[in-house]
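Report on the following structure.
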Number of protein chains: 2
Amino acid sequence: MNKIVTISREFGSGGREMGRRLAEELSCVYYDQEIISEIARRTKLAEDYVQQIIESKPAFSFPINIGVTFQISSNELGKQKAIVFQEQCNLLKELAEKSDCVIVGRCADYILSDYNPYRIFVYANMESKTERCRRKGKQDREMSEKELKRRILEVDKRRAEYYGFITGQSWGRKHNYDLCVNTTNISIKEVTPYISQMLMGTIWNNERYN
Amino acid sequence: MNKIVTISREFGSGGREMGRRLAEELSCVYYDQEIISEIARRTKLAEDYVQQIIESKPAFSFPINIGVTFQISSNELGKQKAIVFQEQCNLLKELAEKSDCVIVGRCADYILSDYNPYRIFVYANMESKTERCRRKGKQDREMSEKELKRRILEVDKRRAEYYGFITGQSWGRKHNYDLCVNTTNISIKEVTPYISQMLMGTIWNNERYN
């Protein structure tokens, strides 16, 4: 069985960076935005729209773009959510079958549970998250502290809602993960090689993957 | 400033073993039951009684043993809880001033927050916890599965109550910890050296302790 690491993360906690660095350290494939692009290709839906569905924005705010922009009914939306979710499951399983990999987000910890992934949750305090957002993104740098905090809370609220909708479980509940890493005041670059060594020296050598 | 690691743990998760091994790896002092013994000595209360206060059993079940056994009023109990807590704070701070150390339980993560401890929470699923309890303790081996599960839940419920009473916060809430380790299906002996290396290579080398 291939070795799978899934990363779930609070917005601004540096989970994506940890995933990318972990894949480098473990010499395996890293999947993140590619998953959205591939689902969009397969479902013939616009990438932004797939992203919005996965981030579970409320129905009334959905414009769908396949050449033209129009409002869709909640019935149609439900159908499209189901289609996107089905493709998401198929794709994640294909990727898990293909090779060792690190997957960020997309409920992969839950969808791939049969593959016994090592499930990491990355989080941080609000101050650390706003600081990291400002460092990484131009859009975030231009927001006021209050706006940025609201944005962080909103993104995580949507992630929690989508995760809850798909899995029936609480997003971020530590019992659903193997390791929860608080990135407040730590350097992702510095800490990731140690997590990688821990994985290689323990989990990836035991009967889980034999 | 001395380097402090605090370990909070679910009953049966192997947190105590991790604490002991971590102290060995880090070549520093390990405190656990010694804290109860020293509080008992200082307050002239029986060790079992101090343990019960710290585990926060309901008032009416408290026999106090200082030569004789008698029931105490809830007022008296409140007073003794306060005395024990005061000694607990004094002692933990003395230990933190003395040398680098690993401290298991005793709300040390909260009480020593000024010392910027590295706070670990250790947890596992119920099956793993009952299995570990049976392996470690004669008393637990003799219990039925149902009794053992009830015991695990009760101990953790008391820990959560005491922690909440002292700190006003939720015991086990991941944002109160730097690292949360799920010990389900992993060997504490195997994983601890990696956590120790991570601490030595990152946290203990950064400005937190300079």
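Residue numbering restarts at 1 for every chain of the structure tokens, chains are lettered A, B, ... in their displayed order, and ligands are numbered from 1 as they appear.
Neighbours of Arg119 of chain B closer than or equal to 7 Å, with only C-alpha atoms counted and sequence neighbours fewer than 5 positions away skipped, come out as Val5, Thr6, Ile7, Asp109, Tyr177, Asp178 and Leu179 of chain B.
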Deliver the residues from the most recent selection as a file, using C-alpha atoms, as a PDB file, in the first residue's frame.
ATOM      1  CA  VAL B   5       8.217  20.448  28.787  1.00  0.00           C
ATOM      2  CA  THR B   6       4.743  19.763  30.137  1.00  0.00           C
ATOM      3  CA  ILE B   7       2.811  16.633  29.275  1.00  0.00           C
ATOM      4  CA  ASP B 109       1.136  23.871  31.211  1.00  0.00           C
ATOM      5  CA  TYR B 177      -0.843  22.877  23.401  1.00  0.00           C
ATOM      6  CA  ASP B 178       2.130  23.051  21.056  1.00  0.00           C
ATOM      7  CA  LEU B 179       1.940  19.440  19.934  1.00  0.00           C
TER       8      LEU B 179
END
Within 7 Å of chain B, which residues of chain A show up when using only C-alpha atoms, listed as a list in words?
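For chain A, the answer reads Asp178, Leu179, Cys180, Val181, Asn182, Glu190, Val191, Tyr194, Met198 and Thr202 of chain A.
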Non-local contacts of Leu112 of chain B (9 Å; only C-alpha atoms; under 4 positions in same chain excluded) as a ChimeraX atom specification:
/B:4,6,89,92-93,96,107-108,116-117
For a test of reading the model, state the distance in Å between atom CA of Ser13 of chain A and atom CA of Phe85 of chain A, rounded to one decimal.
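About the pair atom CA of Ser13 of chain A and atom CA of Phe85 of chain A: they are 25.4 Å apart.
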Surrounding residues of Tyr162 of chain B excluding itself and chain neighbours under 2 positions, 8 Å, only C-alpha atoms, as a PyMOL selection string
chain B and resi 54-56+158-160+164-166
List the neighbours of Arg106 of chain B out to 9 Å using only C-alpha atoms; skip same-chain residues closer than 5 positions along the sequence, and give me the result as an MDAnalysis selection string.
chainID B and resid 8 32 35:36 54 88 92 111 163
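You will find atom CA of Gln80 of chain A at 19.5 Å from atom CA of Glu34 of chain A.
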Would you please extract all alpha helix (DSSP H) residues from segment 2-42 of chain B, as assigned by DSSP on the backbone, and give them as a ChimeraX atom specification?
/B:15-26,33-42
